[in-house]
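*Asks:* Pasting a structure here, questions to come.
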Amino acid sequence: LQHYFIQSNLRMSQLVKPPPKFSPFEWQQSNNKNYSSAEIERAGAERLQSESKRLTDETDEITRFTQEDVNKKLAQRLKELSFWKDEVNCQLQAVDDEIDTLLKFKAKLERSLEATEHPKSVTNSCLTYRQGREGIDMVHDDVEINLLKEVEVIEGVRSVLVRTLEQTIEQIRRLRSAKYFLQKDVADKKSAISIDNTCHTLNNKDSEINLYENVTQDLVSSVTPADWSNYSDANIKKAECEKQASVALRSVIGGVIEQTCNDLLTQCRTVDLALKKRVEECFNAKERLTVHLDKVNSEIESMESNICKLKEAIEAKLPPLKVAHTRLAQRSQRPNVELTRDPAQFQLVSEVNLIEQSISALETQLEASEASLKGLIRNQLDLKEDIRIKTKSLHIDKDLCQDLRATIDYSDY
């Protein structure tokens, strides 16, 4: 073991050599080299520090100028945003007001359309009622002609109102579409103002500032300033165009409502006047028929009395005729030469002829009177039937049609 340690120490002494030895010249040369190198490095460091200070001052100035320029441009941008926001907002308010106004006109159209429902029903009911007239009173008169025309007028008015209402609904849709884009534009500009206002107020000492990656890359969906201003201008122009179209449509609606109301009122008055005239004509005809019926009834009574008198007169002639016949019959039984044609015989024959002629005349008069009575009775029945028909027609035209038409009211039109 001791031998092993001795051998190890010998090997270590061979491996570790003593440090080299330098001459004084080398020592001095080394010092001079270090002096020169330090001087060079110090001069370079001084130049670099001077250049760094210059560059720092220059970049500080550039950064400050750039930041101020950005602040100015942000301020200018905020003014532009505010200007266009106010312009768009002003147009948005105008469009919103126009929508409210047009909605009121739409409600007027709907009320006008609804106001034609009852008159239409009344007119059709009147036509149906008048189909219940009978006989000669089933006349295609002015009332029926004007009622049929009123149906056409109402249908025509409803057609115009429906078309105008459809145009109004479409215009409201277009206004709301324009309003949507204006609202979206205003909302976007408010958001942009909020963002740019925040950016404008940022400074180097804010705690919210940070570094972000890829912030200088061009945005795919970005637009040019010209496209940006044209977008808002196009929205304003579109909204203004729709607003002007709405104003024109409102003028049309007012004219349509006024004209159709006048048409309905004119035709309604025409029908009412024709119906009034027809009621008066029917009433007068009924009155005249009633007068004639009274006269016919009176004449029937007179004729019946006359017939009774004629029958009594005929009956009164039978006893004298029988007496004359009996006398002639008995005298024809006279015997032989006594059967002479004496004055009594001639007078009896004459009496029989005279009585028979009287009876014949009375019977002829009776037949004529009975025929006249039958004619009077037929006329009485015809008059009564005609009066019944006129009474029914009056009930239809006056009690049904006139009373029903009195409920027509265009005040809500």
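Naming works like this for the structure tokens: A, B, ... for the chains as they're shown, residue 1 at the start of each chain, ligands 1 onward in shown order.
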I need the residues of region 19-250 of chain A that end up classed as alpha helix (DSSP H) by DSSP on the backbone, written out as a ChimeraX atom specification.
*Replies:* /A:24-115,117-130,142-201,225-250
*Asks:* Can I get the residues of region 117-188 of chain A within 8 Å of region 80-92 of chain A, each with the closest pair of atoms and their distance in Å to one decimal, using only C-alpha atoms, sorted chain first then ascending number, as a Markdown table?
*Replies:*
| residue | atom | partner | partner_atom | distance |
| --- | --- | --- | --- | --- |
| A:Lys179 | CA | A:Leu92 | CA | 6.1 |
| A:Leu182 | CA | A:Leu92 | CA | 5.9 |
| A:Gln183 | CA | A:Leu92 | CA | 7.0 |
| A:Asp185 | CA | A:Val88 | CA | 7.4 |
| A:Val186 | CA | A:Lys85 | CA | 5.7 |
*Asks:* Env of region 127-137 of chain A: 12 Å cut, atoms = only C-alpha atoms, seq-sep filter 4 positions within chain, self excluded. Answer as JSON, numbers by chain.
*Replies:* {"A": [120, 121, 122, 123, 141, 143, 144, 145, 146, 147, 148, 149, 150, 151, 271, 275, 278, 279, 281, 282, 285, 286, 382, 385, 386, 387, 388, 389, 390, 391, 392, 393, 394, 395, 396, 397, 398, 399, 400, 401, 402, 404, 405]}
*Asks:* Which residues come within 12 Å of Ser332 (chain A), counting only C-alpha atoms, excluding same-chain residues fewer than 4 positions away, as an MDAnalysis selection string?
*Replies:* chainID A and resid 325:328 336:342 345 348:349
*Asks:* Find, counting only C-alpha atoms, the residue in A:Leu362, A:Cys261, A:Ala368, A:Val291 that gets nearest to Glu315 (chain A).
*Replies:*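 Smallest distance to Glu315 (chain A) is found for A:Leu362.
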*Asks:* Give me the residues near region 160-176 of chain A as an MDAnalysis selection string, where near means some atom within 12 Å (using only C-alpha atoms) and where sequence neighbours in that chain fewer than 6 positions away do not count.
*Replies:* chainID A and resid 91:116 153:154 182:184 235:236 238:261 413
*Asks:* Ranking A:Val157, A:Asp142, A:Lys384, A:Lys322 by minimum distance to Leu273 (chain A) and counting only C-alpha atoms, which one comes first?
*Replies:*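 Checking each candidate against Leu273 (chain A), we get A:Asp142 as the closest.
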